[in-house]
Structure formats: structure tokens, C-alpha cells
file protein_27.cif (mmCIF, C-alpha atoms)
data_target
#
loop_
_atom_site.label_atom_id
_atom_site.label_comp_id
_atom_site.auth_asym_id
_atom_site.auth_seq_id
_atom_site.Cartn_x
_atom_site.Cartn_y
_atom_site.Cartn_z
CA MET A 991 8.86 12.82 -30.63
CA GLU A 992 10.68 14.86 -28.00
CA ASP A 993 13.43 17.30 -28.95
CA SER A 994 17.00 16.10 -28.68
CA PRO A 995 18.66 17.27 -25.44
CA SER A 996 21.69 18.41 -27.47
CA MET A 997 19.73 21.17 -29.24
CA ASP A 998 20.93 24.71 -28.58
CA LYS A 999 18.88 26.82 -26.23
CA GLU A 1000 18.73 29.62 -28.83
CA ASP A 1001 17.08 27.30 -31.35
CA ARG A 1002 14.22 26.69 -28.95
CA GLY A 1003 13.74 30.27 -27.88
CA GLU A 1004 14.10 31.73 -24.43
CA ASN A 1005 10.43 31.39 -23.58
CA GLN A 1006 10.14 27.83 -24.89
CA SER A 1007 9.65 25.34 -22.08
CA SER A 1008 12.09 22.44 -22.09
CA PRO A 1009 10.75 18.98 -22.93
CA CYS A 1010 11.23 17.76 -19.35
CA ARG A 1011 8.62 20.33 -18.29
CA GLY A 1012 6.07 19.32 -20.88
CA ARG A 1013 3.04 17.19 -20.29
CA ARG A 1014 4.68 14.31 -22.15
CA CYS A 1015 7.29 14.02 -19.39
CA TYR A 1016 4.75 13.55 -16.61
CA PRO A 1017 4.13 9.87 -17.47
CA LYS A 1018 7.89 9.30 -17.53
CA ALA A 1019 8.33 10.94 -14.13
CA LEU A 1020 5.35 8.98 -12.82
CA SER A 1021 6.94 5.74 -13.94
CA TYR A 1022 9.65 6.17 -11.30
CA VAL A 1023 7.13 5.78 -8.45
CA THR A 1024 4.56 3.47 -10.05
CA GLY A 1025 4.72 -0.16 -11.16
CA ASP A 1026 7.56 -2.08 -9.51
CA MET A 1027 9.97 0.91 -9.26
CA ARG A 1028 12.68 -1.07 -11.04
CA GLU A 1029 14.84 2.04 -11.57
CA PHE A 1030 14.87 2.71 -7.85
CA ALA A 1031 15.86 -0.89 -7.11
CA ASN A 1032 18.74 -0.63 -9.60
CA TRP A 1033 19.83 2.68 -8.06
CA LEU A 1034 19.97 1.05 -4.62
CA LYS A 1035 22.29 -1.78 -5.67
CA ASP A 1036 25.50 0.10 -4.84
CA LYS A 1037 24.03 1.84 -1.78
CA PRO A 1038 24.50 0.78 1.88
CA GLN A 1039 23.02 -2.60 2.79
CA VAL A 1040 20.77 -0.99 5.41
CA LEU A 1041 18.95 1.05 2.76
CA GLN A 1042 18.53 -2.02 0.58
CA PHE A 1043 17.15 -4.02 3.51
CA PHE A 1044 14.65 -1.27 4.29
CA ASP A 1045 13.51 -1.41 0.66
CA TRP A 1046 13.14 -5.21 0.83
CA VAL A 1047 11.00 -4.98 3.97
CA LEU A 1048 8.69 -2.35 2.45
CA ARG A 1049 8.29 -4.43 -0.72
CA GLY A 1050 7.56 -7.46 1.46
CA ILE A 1051 4.75 -5.62 3.25
CA ALA A 1052 3.22 -4.68 -0.12
CA GLN A 1053 3.69 -8.12 -1.69
CA VAL A 1054 0.71 -9.44 0.27
CA VAL A 1055 -1.42 -7.80 -2.44
CA PHE A 1056 1.11 -8.67 -5.21
CA VAL A 1057 2.57 -5.15 -5.22
CA ASN A 1058 6.34 -4.81 -5.60
CA ASN A 1059 6.64 -1.13 -4.73
CA PRO A 1060 8.30 0.35 -1.61
CA ILE A 1061 6.14 3.51 -1.66
CA SER A 1062 3.06 1.32 -1.66
CA GLY A 1063 4.64 -0.48 1.29
CA ILE A 1064 4.94 2.83 3.14
CA LEU A 1065 1.29 3.63 2.43
CA ILE A 1066 0.21 0.21 3.68
CA LEU A 1067 2.29 0.73 6.81
CA VAL A 1068 0.44 4.02 7.33
CA GLY A 1069 -2.79 2.06 6.98
CA PHE A 1070 -1.61 -0.28 9.74
CA LEU A 1071 -0.94 2.71 12.00
CA VAL A 1072 -4.43 4.06 11.33
CA GLN A 1073 -5.88 0.66 12.25
CA ASN A 1074 -3.69 -0.15 15.25
CA PRO A 1075 -0.06 0.87 15.98
CA TRP A 1076 0.49 -2.39 17.87
CA TRP A 1077 -0.48 -4.42 14.82
CA ALA A 1078 1.79 -2.24 12.66
CA LEU A 1079 4.72 -3.00 14.95
CA LEU A 1080 4.13 -6.76 14.98
CA GLY A 1081 3.56 -6.96 11.23
CA SER A 1082 6.81 -5.08 10.62
CA ILE A 1083 8.75 -7.26 13.06
CA GLY A 1084 7.45 -10.39 11.35
CA THR A 1085 8.58 -9.07 7.96
CA VAL A 1086 12.03 -8.15 9.25
CA VAL A 1087 12.58 -11.51 10.98
CA SER A 1088 11.45 -13.49 7.95
CA THR A 1089 13.65 -11.49 5.57
CA LEU A 1090 16.68 -11.93 7.84
CA THR A 1091 15.97 -15.66 8.05
CA ALA A 1092 15.87 -15.90 4.26
CA LEU A 1093 19.24 -14.16 4.10
CA LEU A 1094 20.70 -16.58 6.66
CA LEU A 1095 19.34 -19.50 4.63
CA SER A 1096 20.98 -18.06 1.49
CA GLN A 1097 17.74 -17.88 -0.44
CA ASP A 1098 17.63 -16.34 -3.92
CA ARG A 1099 18.69 -12.71 -3.51
CA SER A 1100 16.35 -11.38 -6.22
CA ALA A 1101 13.39 -13.02 -4.47
CA ILE A 1102 14.44 -11.45 -1.17
CA ALA A 1103 14.89 -8.05 -2.83
CA GLY A 1104 11.40 -8.33 -4.29
CA GLY A 1105 9.89 -8.94 -0.85
CA LEU A 1106 8.91 -12.52 -1.64
CA HIS A 1107 10.36 -13.81 1.62
CA GLY A 1108 8.71 -11.17 3.78
CA TYR A 1109 5.02 -10.92 2.93
CA ASN A 1110 3.90 -14.18 4.54
CA ALA A 1111 5.45 -13.13 7.84
CA THR A 1112 3.75 -9.73 7.57
CA LEU A 1113 0.45 -11.60 7.76
CA VAL A 1114 1.77 -13.86 10.52
CA GLY A 1115 2.63 -10.88 12.72
CA LEU A 1116 -0.66 -9.13 12.03
CA LEU A 1117 -2.97 -12.12 12.40
CA ILE A 1118 -1.34 -13.48 15.56
CA ALA A 1119 -2.05 -10.05 17.04
CA VAL A 1120 -5.60 -10.03 15.64
CA PHE A 1121 -6.45 -13.45 17.09
CA SER A 1122 -4.65 -12.95 20.40
CA ASP A 1123 -6.99 -12.94 23.40
CA LYS A 1124 -4.52 -10.87 25.45
CA GLY A 1125 -5.31 -7.57 23.73
CA ASP A 1126 -2.83 -4.91 22.63
CA TYR A 1127 0.72 -4.46 23.88
CA PHE A 1128 1.14 -7.96 25.26
CA TRP A 1129 4.89 -7.90 24.73
CA TRP A 1130 5.43 -11.62 25.31
CA LEU A 1131 3.69 -12.11 21.96
CA LEU A 1132 6.94 -11.05 20.28
CA PHE A 1133 8.46 -14.47 20.99
CA PRO A 1134 5.91 -16.61 19.09
CA ILE A 1135 5.72 -14.04 16.29
CA CYS A 1136 9.49 -14.17 15.75
CA ALA A 1137 9.53 -17.98 15.98
CA VAL A 1138 6.59 -18.48 13.60
CA SER A 1139 7.90 -15.84 11.18
CA MET A 1140 11.16 -17.75 10.89
CA THR A 1141 9.26 -20.74 9.51
CA CYS A 1142 7.85 -18.76 6.58
CA PRO A 1143 11.02 -18.87 4.41
CA LEU A 1144 11.24 -22.60 5.14
CA PHE A 1145 7.69 -23.19 3.93
CA SER A 1146 8.20 -20.86 0.95
CA SER A 1147 11.39 -22.57 -0.18
CA ALA A 1148 9.95 -26.07 0.23
CA LEU A 1149 6.69 -25.24 -1.56
CA SER A 1150 8.54 -23.44 -4.35
CA SER A 1151 10.60 -26.56 -5.01
CA VAL A 1152 7.38 -28.50 -5.58
CA PHE A 1153 5.31 -25.83 -7.31
CA SER A 1154 8.11 -24.90 -9.72
CA LYS A 1155 7.36 -28.12 -11.62
CA TRP A 1156 4.08 -26.53 -12.70
CA ASP A 1157 5.40 -22.94 -12.69
CA LEU A 1158 2.98 -21.97 -9.93
CA PRO A 1159 3.37 -19.36 -7.18
CA VAL A 1160 3.14 -20.33 -3.51
CA PHE A 1161 0.80 -17.39 -2.76
CA THR A 1162 0.11 -17.15 0.99
CA LEU A 1163 0.26 -20.88 1.66
CA PRO A 1164 3.29 -20.47 3.99
CA PHE A 1165 1.30 -17.98 6.08
CA ASN A 1166 -1.72 -20.28 6.19
CA MET A 1167 0.39 -23.24 7.26
CA ALA A 1168 2.33 -21.28 9.88
CA LEU A 1169 -0.70 -19.54 11.43
CA THR A 1170 -2.83 -22.70 11.41
CA LEU A 1171 -0.08 -24.61 13.21
CA TYR A 1172 0.35 -21.82 15.78
CA LEU A 1173 -3.36 -21.46 16.54
CA SER A 1174 -3.76 -25.24 16.69
CA ALA A 1175 -0.87 -25.51 19.16
CA THR A 1176 -2.11 -22.73 21.45
CA GLY A 1177 -5.88 -22.33 21.26
CA HIS A 1178 -8.28 -20.36 23.42
CA TYR A 1179 -7.40 -22.03 26.73
CA ASN A 1180 -3.60 -21.75 26.50
CA PRO A 1181 -2.30 -20.08 29.70
CA PHE A 1182 0.50 -18.20 27.94
CA PHE A 1183 -0.76 -17.26 24.47
CA PRO A 1184 -4.56 -17.73 24.36
CA SER A 1185 -6.31 -17.02 21.07
CA GLN A 1186 -9.87 -15.89 20.50
CA LEU A 1187 -12.52 -18.56 20.74
CA ILE A 1188 -13.90 -19.61 17.34
CA THR A 1189 -17.06 -21.71 17.39
CA PRO A 1190 -19.33 -22.99 14.61
CA GLU A 1191 -22.84 -21.62 14.18
CA ASN A 1192 -25.32 -23.55 16.29
CA SER A 1193 -28.55 -21.72 15.44
CA VAL A 1194 -30.34 -20.20 12.48
CA PRO A 1195 -29.04 -16.63 11.94
CA ASN A 1196 -31.60 -13.87 12.25
CA VAL A 1197 -31.47 -12.09 8.87
CA THR A 1198 -34.02 -9.31 8.36
CA TRP A 1199 -33.73 -8.02 4.80
CA SER A 1200 -35.52 -4.77 5.60
CA GLU A 1201 -32.59 -3.86 7.86
CA LEU A 1202 -30.04 -4.12 5.04
CA ASN A 1203 -28.02 -0.90 4.94
CA ALA A 1204 -26.87 0.19 1.47
CA LEU A 1205 -24.22 2.56 2.86
CA GLN A 1206 -22.73 -0.19 5.01
CA LEU A 1207 -22.66 -2.47 1.97
CA LEU A 1208 -20.77 0.19 0.04
CA LYS A 1209 -18.30 0.58 2.89
CA SER A 1210 -17.79 -3.18 3.03
CA VAL A 1211 -16.00 -3.10 -0.35
CA PRO A 1212 -12.88 -1.20 0.85
CA VAL A 1213 -13.18 -2.89 4.25
CA GLY A 1214 -13.02 -6.24 2.43
CA VAL A 1215 -9.74 -5.13 0.83
CA GLY A 1216 -8.50 -4.07 4.27
CA GLN A 1217 -9.33 -7.52 5.64
CA ILE A 1218 -6.60 -8.96 3.40
CA TYR A 1219 -4.34 -7.74 6.21
CA GLY A 1220 -6.90 -8.44 8.94
CA CYS A 1221 -7.91 -4.76 9.20
CA ASP A 1222 -11.53 -3.65 9.54
CA ASN A 1223 -11.07 0.14 9.48
CA LEU A 1224 -12.69 1.87 6.48
CA TRP A 1225 -9.90 4.43 6.10
CA THR A 1226 -7.29 1.69 6.30
CA GLY A 1227 -9.02 -0.15 3.45
CA LEU A 1228 -9.10 3.02 1.37
CA ILE A 1229 -5.39 3.61 2.02
CA PHE A 1230 -4.66 0.05 0.89
CA LEU A 1231 -6.61 0.66 -2.32
CA GLY A 1232 -4.58 3.84 -2.86
CA ALA A 1233 -1.35 1.87 -2.37
CA ILE A 1234 -2.46 -0.69 -4.94
CA LEU A 1235 -3.58 2.07 -7.33
CA LEU A 1236 -0.13 3.69 -7.16
CA SER A 1237 1.46 0.50 -8.43
CA SER A 1238 -1.23 -0.62 -10.88
CA PRO A 1239 -4.69 0.80 -11.68
CA LEU A 1240 -5.70 -2.59 -13.11
CA MET A 1241 -4.86 -4.30 -9.82
CA CYS A 1242 -6.85 -1.69 -7.90
CA LEU A 1243 -9.83 -2.23 -10.21
CA HIS A 1244 -9.76 -6.00 -9.76
CA ALA A 1245 -9.25 -5.71 -6.00
CA THR A 1246 -12.40 -3.61 -5.79
CA ILE A 1247 -14.40 -5.86 -8.10
CA GLY A 1248 -13.29 -8.95 -6.20
CA SER A 1249 -14.39 -7.52 -2.86
CA LEU A 1250 -17.71 -6.49 -4.43
CA LEU A 1251 -18.30 -9.99 -5.78
CA GLY A 1252 -17.56 -11.43 -2.35
CA MET A 1253 -20.30 -9.22 -0.94
CA VAL A 1254 -22.71 -10.38 -3.66
CA ALA A 1255 -21.91 -14.03 -2.90
CA ALA A 1256 -22.55 -13.44 0.81
CA LEU A 1257 -25.94 -11.83 0.11
CA SER A 1258 -26.90 -14.74 -2.14
CA LEU A 1259 -26.41 -17.11 0.83
CA SER A 1260 -28.32 -14.89 3.26
CA THR A 1261 -25.19 -14.35 5.36
CA PRO A 1262 -25.63 -12.27 8.54
CA PHE A 1263 -25.13 -8.65 7.59
CA GLU A 1264 -22.52 -7.99 10.25
CA GLU A 1265 -20.16 -10.49 8.61
CA ILE A 1266 -20.60 -8.70 5.28
CA TYR A 1267 -20.12 -5.23 6.77
CA PHE A 1268 -16.98 -6.52 8.51
CA GLY A 1269 -15.46 -7.40 5.13
CA LEU A 1270 -15.06 -11.10 5.90
CA TRP A 1271 -16.49 -12.13 2.53
CA GLY A 1272 -14.41 -9.73 0.48
CA TYR A 1273 -10.73 -10.35 1.12
CA ASN A 1274 -10.29 -13.82 -0.37
CA SER A 1275 -12.24 -12.99 -3.51
CA SER A 1276 -10.34 -9.70 -3.84
CA LEU A 1277 -6.99 -11.51 -3.83
CA ALA A 1278 -8.28 -14.09 -6.30
CA CYS A 1279 -9.54 -11.42 -8.68
CA ILE A 1280 -6.17 -9.62 -8.61
CA ALA A 1281 -4.25 -12.84 -9.21
CA MET A 1282 -6.35 -13.91 -12.19
CA GLY A 1283 -7.03 -10.39 -13.49
CA GLY A 1284 -3.70 -9.74 -15.19
CA MET A 1285 -1.19 -10.74 -12.53
CA PHE A 1286 -0.50 -14.41 -13.23
CA VAL A 1287 -2.61 -14.57 -16.38
CA ALA A 1288 -2.21 -11.87 -19.06
CA LEU A 1289 -5.24 -9.57 -19.13
CA THR A 1290 -7.70 -10.02 -21.99
CA TRP A 1291 -11.47 -9.81 -21.89
CA GLN A 1292 -11.55 -13.61 -21.61
CA THR A 1293 -9.23 -13.67 -18.61
CA HIS A 1294 -11.14 -10.76 -17.07
CA LEU A 1295 -14.28 -12.92 -17.11
CA LEU A 1296 -12.20 -15.80 -15.74
CA ALA A 1297 -11.05 -13.53 -12.90
CA LEU A 1298 -14.67 -12.70 -12.04
CA ALA A 1299 -15.56 -16.41 -12.03
CA CYS A 1300 -12.55 -17.17 -9.83
CA ALA A 1301 -13.54 -14.41 -7.38
CA LEU A 1302 -17.07 -15.80 -7.05
CA PHE A 1303 -15.81 -19.36 -6.69
CA THR A 1304 -13.34 -18.21 -4.02
CA ALA A 1305 -16.06 -16.41 -2.07
CA TYR A 1306 -18.29 -19.48 -1.94
CA LEU A 1307 -15.33 -21.69 -1.07
CA GLY A 1308 -14.47 -19.23 1.70
CA GLY A 1309 -17.93 -19.55 3.19
CA SER A 1310 -17.68 -23.33 3.07
CA MET A 1311 -14.21 -23.48 4.62
CA SER A 1312 -15.14 -20.99 7.36
CA HIS A 1313 -17.87 -23.37 8.54
CA LEU A 1314 -15.62 -26.42 8.25
CA MET A 1315 -12.64 -24.91 10.08
CA ALA A 1316 -14.80 -23.35 12.79
CA VAL A 1317 -15.62 -26.89 13.89
CA VAL A 1318 -12.00 -27.29 15.01
CA GLY A 1319 -11.80 -23.72 16.29
CA LEU A 1320 -9.68 -22.29 13.47
CA PRO A 1321 -10.14 -19.37 11.04
CA SER A 1322 -10.15 -20.01 7.30
CA CYS A 1323 -7.37 -17.40 6.79
CA THR A 1324 -6.56 -17.20 3.05
CA TRP A 1325 -6.84 -20.93 2.39
CA PRO A 1326 -9.85 -20.37 0.08
CA PHE A 1327 -7.94 -17.87 -2.07
CA CYS A 1328 -4.90 -20.14 -2.39
CA LEU A 1329 -6.81 -23.31 -3.21
CA ALA A 1330 -9.30 -21.72 -5.61
CA THR A 1331 -6.72 -19.67 -7.52
CA LEU A 1332 -4.33 -22.60 -7.88
CA VAL A 1333 -7.19 -24.63 -9.37
CA PHE A 1334 -7.86 -21.86 -11.91
CA LEU A 1335 -4.16 -21.50 -12.76
CA LEU A 1336 -3.97 -25.23 -13.44
CA LEU A 1337 -6.75 -24.88 -15.99
CA SER A 1338 -5.69 -26.30 -19.35
CA THR A 1339 -7.09 -24.65 -22.46
CA LYS A 1340 -6.28 -24.20 -26.14
CA ASN A 1341 -7.63 -20.65 -26.15
CA PRO A 1342 -4.64 -18.42 -27.11
CA ASN A 1343 -6.25 -15.48 -25.31
CA ILE A 1344 -5.91 -17.22 -21.96
CA TYR A 1345 -2.17 -16.87 -21.53
CA LYS A 1346 -0.60 -17.98 -18.25
CA MET A 1347 2.44 -15.82 -17.52
CA PRO A 1348 5.81 -17.52 -16.97
CA LEU A 1349 6.46 -17.06 -13.27
CA ASN A 1350 9.86 -15.44 -13.82
CA LYS A 1351 8.27 -12.81 -16.08
CA VAL A 1352 5.47 -11.75 -13.72
CA THR A 1353 5.67 -8.08 -12.71
CA TYR A 1354 2.36 -6.17 -12.68
CA PRO A 1355 -0.70 -6.39 -14.99
CA GLU A 1356 0.14 -3.52 -17.34
CA GLU A 1357 3.68 -4.79 -17.91
CA ASN A 1358 2.45 -8.39 -18.11
CA ARG A 1359 0.05 -7.45 -20.91
CA ILE A 1360 2.88 -5.83 -22.87
CA PHE A 1361 4.90 -9.04 -22.52
CA TYR A 1362 1.91 -11.08 -23.69
CA LEU A 1363 1.31 -8.88 -26.75
CA GLN A 1364 4.99 -9.06 -27.70
CA ALA A 1365 4.99 -12.85 -27.32
CA LYS A 1366 1.81 -13.04 -29.40
CA LYS A 1367 3.39 -10.89 -32.11
CA ARG A 1368 6.52 -13.05 -32.19
CA MET A 1369 4.37 -16.14 -32.47
CA ALA A 1370 2.43 -14.64 -35.39
CA GLU A 1371 5.67 -13.69 -37.21
CA SER A 1372 7.28 -17.07 -36.61
CA PRO A 1373 7.43 -19.14 -39.83
CA LEU A 1374 6.58 -22.24 -37.81
#

call {"tool": "encode", "arguments": {"input": "protein_27.cif", "output": "C-alpha cells"}}
result
Amino acid sequence: MEDSPSMDKEDRGENQSSPCRGRRCYPKALSYVTGDMREFANWLKDKPQVLQFFDWVLRGIAQVVFVNNPISGILILVGFLVQNPWWALLGSIGTVVSTLTALLLSQDRSAIAGGLHGYNATLVGLLIAVFSDKGDYFWWLLFPICAVSMTCPLFSSALSSVFSKWDLPVFTLPFNMALTLYLSATGHYNPFFPSQLITPENSVPNVTWSELNALQLLKSVPVGVGQIYGCDNLWTGLIFLGAILLSSPLMCLHATIGSLLGMVAALSLSTPFEEIYFGLWGYNSSLACIAMGGMFVALTWQTHLLALACALFTAYLGGSMSHLMAVVGLPSCTWPFCLATLVFLLLSTKNPNIYKMPLNKVTYPEENRIFYLQAKKRMAESPL
């Protein structure tokens, strides 16, 4: 136990270091910048609205990977700049526009403050830029990005009204719906906003196993995490992992494992190596592994195994949907992650160690596990 702060200095001795300088205070100081930074959010409540809005936008950028931490948002923004400053600008604009739209629609203020009305538009801004056939700094692209970003709070609110009956999150379904509608409406041959041409495979891929590069496979794990935001730069992926680690080591672990399992699934189907190296098989399974590995289900060894199964299932579903959607010239986006993870969250079981978190209690895996253990203890002490 730490000494009381009211103790006299003489009682401790002149050379005695104060408790706030001891090793025991490091975890307490670290708690102010890790997790969901709740203390910082409370401190901001009576500060100027501009500062609060900046915090909401940063949390929105990080919420794509379920992180509710503004410092993580800053790190992810740095990752965008390393990848492509143009993408960073458009992703930020999308987040700002979506958050402002949610405010105008009088959405729940706590959800806005947690970035829950910004993250889908972050992906909208980034992926419209990624799939644009006009290259970088095509400034007219700002108009569709702002327009499509404004639809994200609409989709989120509507889906939440339906999903709340089963206490389910909407994940990135608003992003998937918005981007799919945009790319369907424009397409590769649009004279104003052409997108990249996506075609299905029409020949047997040439896969030579002797050319498999172990170093490239290793690099594909962080690149797969980077592809959650549509980024293929190795350093960007590593920065994203660092941002997740700052908030929750358990989330970082499951993000890495999920991307690794996506790579394994791709190899098992003899997928062309370039697709694996590019991280295209890692991002959906990484998100699924995070979601099931302590985020929306309390972490136990049983749910850890469930998270691994969900990641593998998501990876195979991603391969299937990529082929199906390529027929109509569309990317699979994060549809596989959303559909697969929702199926797993709807799993009914009598196993007390598979505990689905109430949606209003979800924070981050370490805190979620504490809530689960406390609920389990109360249940054990209940006379009923």
C-alpha cells in the first residue's frame, strides 16, 4: 500500500523518494494514456468545444480498429502520412464531415464523443481515394467524399435501431454500404470519378511454391493490419500495431494473430503470393480476431479459441466474397468481417465461459475481462 499523501516529509526522510516517483506509480501514470483515456475525456468536458471536437475526430479515426484513444488516433494519422499524405487528408475530411453530420442529426452525444459516428467515414475517405483512377490530388474527389461521408451517420443510426434488438454492434457495415453504393454508381468508365477496374480471375494463377519468400510472408502480417485502412506500407502497418498496443496489448496480440491466420488460410488455398504479400488476406481476419478476442466477448481461453476460429472463417469467407464481388466489378471491402463476426456473436451457448459483453459496457479487452469477472463473482454469490 502506498504512503498517505498527508504524511510529514520529516517522517519519510529527506532522501526518501515520494510515492509518485516509485515504480508503483508508473502503471498509474501509464493509465492516463492507455485504454480509452477516460480521465482525459472527463477533463475535456468543460473545455472549449473545438478541443472536444478534435478529440472526437481522433477517436473516430482509431475506432476503425475498436480503439477509443485519441493518442492512438494521432499515431494512426501519422501512419496515413507515411503511406500517403493525400489519403491522410481525405480520411480526416471524411471523419470530420461525418462527425458534424451526426451532431446536426442530434445523435447520441456519448457515441459521437467516442468516435462511433466518425470511423466509417474515415474508411470512406481513404478507400474512395484508394480506388480512384484519377491518382493523387484530384481535388474534385472532395465532393463525393463529403457527400458519401454524410450518409454514414444515417446508416449507423438506422442499423443501430435494428441491431439493438439483439445488442449487436453495426461494425463497418455503414462504410461497406456507402462505398459499395458509390463504386456501383460510378465505376471504371465514369467520366468524372472513375474507379479502378476490378475483374474476376479468368485463368489459372501461376503459383510456384519454390518462389515463396519467408521474409515477405513475415512482412505481410503487419501489412495485413495496415490494409484495414487500405494501406500497404510496412511501416504504416507497424505504426498501426503500435497504436493498438498503446490502447490494449490484448487487442494488438489478436490483431497480429488474425492477420497471421489470414495468411495461413491464403496459403492453404494456393493463393497467388502477391495477394498475400499485399496483405489482402489479413485485414478482415485481423478485425474479426480483435472483435471476438476480448472486445465484444469477454476473454477466456474458450473465447480465445473462438476468436481464432472466427478469424479463419472470416479469411475463407473473404476469399469467397472477393471472387463473387469481382464479377460485378466491386471490392469485398470489410463485408466478410462484418458478416462472419455477426454470425459468431449470434452464437447461442450455455457455456458460462463464453460471455457476450453488453454493448453499453464494451470498452477494451482488459477492462471487459474485469467486468466479466465481477459479474461472474456476483452471480456466484447470488442466493438464486

call {"tool": "resolve_selection", "arguments": {"input": "protein_27.cif", "expression": "the PyMOL selection byres ((chain A and resi 1163) around 8)", "output": "count of residues only"}}
result
11

call {"tool": "residues_around", "arguments": {"input": "protein_27.cif", "residues": "Phe1327 in chain A", "least_positions_apart": "3", "cutoff": "10 Å", "atoms": "all atoms listed in the file", "output": "CSV table (one decimal) with C-alpha atoms, keeping the file's coordinate frame"}}
result
chain,number,residue,atom,x,y,z
A,1161,PHE,CA,0.8,-17.4,-2.8
A,1162,THR,CA,0.1,-17.2,1.0
A,1163,LEU,CA,0.3,-20.9,1.7
A,1273,TYR,CA,-10.7,-10.4,1.1
A,1274,ASN,CA,-10.3,-13.8,-0.4
A,1275,SER,CA,-12.2,-13.0,-3.5
A,1276,SER,CA,-10.3,-9.7,-3.8
A,1277,LEU,CA,-7.0,-11.5,-3.8
A,1278,ALA,CA,-8.3,-14.1,-6.3
A,1279,CYS,CA,-9.5,-11.4,-8.7
A,1281,ALA,CA,-4.2,-12.8,-9.2
A,1300,CYS,CA,-12.6,-17.2,-9.8
A,1301,ALA,CA,-13.5,-14.4,-7.4
A,1303,PHE,CA,-15.8,-19.4,-6.7
A,1304,THR,CA,-13.3,-18.2,-4.0
A,1305,ALA,CA,-16.1,-16.4,-2.1
A,1307,LEU,CA,-15.3,-21.7,-1.1
A,1308,GLY,CA,-14.5,-19.2,1.7
A,1322,SER,CA,-10.2,-20.0,7.3
A,1323,CYS,CA,-7.4,-17.4,6.8
A,1324,THR,CA,-6.6,-17.2,3.0
A,1330,ALA,CA,-9.3,-21.7,-5.6
A,1331,THR,CA,-6.7,-19.7,-7.5
A,1332,LEU,CA,-4.3,-22.6,-7.9
A,1333,VAL,CA,-7.2,-24.6,-9.4

call {"tool": "atom_distance", "arguments": {"input": "protein_27.cif", "atom1": "CA of Ser1210 in chain A", "atom2": "CA of Gly1269 in chain A"}}
result
5.3 Å

call {"tool": "resolve_selection", "arguments": {"input": "protein_27.cif", "expression": "the PyMOL selection byres ((chain A and resi 1059) around 9)", "output": "NGL selection string"}}
result
:A and (1023-1028 or 1045 or 1048-1050 or 1052-1053 or 1057-1058 or 1060-1064 or 1104 or 1233 or 1236-1237)

call {"tool": "resolve_selection", "arguments": {"input": "protein_27.cif", "expression": "the PyMOL selection byres ((chain A and resi 1261) around 12)", "output": "ChimeraX atom specification"}}
result
/A:1191,1194-1199,1202,1252-1260,1262-1271,1305-1306,1309-1310

call {"tool": "atom_distance", "arguments": {"input": "protein_27.cif", "atom1": "CA of Gly1319 in chain A", "atom2": "CA of Asn1074 in chain A"}}
result
24.9 Å

call {"tool": "residues_around", "arguments": {"input": "protein_27.cif", "residues": "Val1213 in chain A", "least_positions_apart": "4", "cutoff": "10 Å", "atoms": "only C-alpha atoms", "output": "ChimeraX atom specification"}}
result
/A:1206-1209,1217-1218,1220-1228,1230-1231,1249,1266-1273

call {"tool": "residues_around", "arguments": {"input": "protein_27.cif", "residues": "range 1079-1088 of chain A", "least_positions_apart": "5", "cutoff": "8 Å", "atoms": "all atoms listed in the file", "output": "list of chain:residue names"}}
result
A:Val1047, A:Gly1050, A:Ile1051, A:His1107, A:Gly1108, A:Tyr1109, A:Asn1110, A:Ala1111, A:Thr1112, A:Leu1113, A:Val1114, A:Gly1115, A:Leu1116, A:Ala1119, A:Leu1132, A:Ile1135, A:Cys1136, A:Ser1139, A:Met1140, A:Thr1141, A:Cys1142, A:Pro1143

call {"tool": "write_last_selection", "arguments": {"input": "protein_27.cif", "atoms": "C-alpha atoms", "output": "tab-separated table (two decimals), keeping the file's coordinate frame"}}
result
chain	number	residue	atom	x	y	z
A	1047	VAL	CA	11.00	-4.98	3.97
A	1050	GLY	CA	7.56	-7.46	1.46
A	1051	ILE	CA	4.75	-5.62	3.25
A	1107	HIS	CA	10.36	-13.81	1.62
A	1108	GLY	CA	8.71	-11.17	3.78
A	1109	TYR	CA	5.02	-10.92	2.93
A	1110	ASN	CA	3.90	-14.18	4.54
A	1111	ALA	CA	5.45	-13.13	7.84
A	1112	THR	CA	3.75	-9.73	7.57
A	1113	LEU	CA	0.45	-11.60	7.76
A	1114	VAL	CA	1.77	-13.86	10.52
A	1115	GLY	CA	2.63	-10.88	12.72
A	1116	LEU	CA	-0.66	-9.13	12.03
A	1119	ALA	CA	-2.05	-10.05	17.04
A	1132	LEU	CA	6.94	-11.05	20.28
A	1135	ILE	CA	5.72	-14.04	16.29
A	1136	CYS	CA	9.49	-14.17	15.75
A	1139	SER	CA	7.90	-15.84	11.18
A	1140	MET	CA	11.16	-17.75	10.89
A	1141	THR	CA	9.26	-20.74	9.51
A	1142	CYS	CA	7.85	-18.76	6.58
A	1143	PRO	CA	11.02	-18.87	4.41

call {"tool": "closest_residue", "arguments": {"input": "protein_27.cif", "among": "A:Thr1091, A:Val1318, A:Met1241, A:Asp1036", "to": "Ala1297 in chain A", "atoms": "all atoms listed in the file"}}
result
A:Met1241
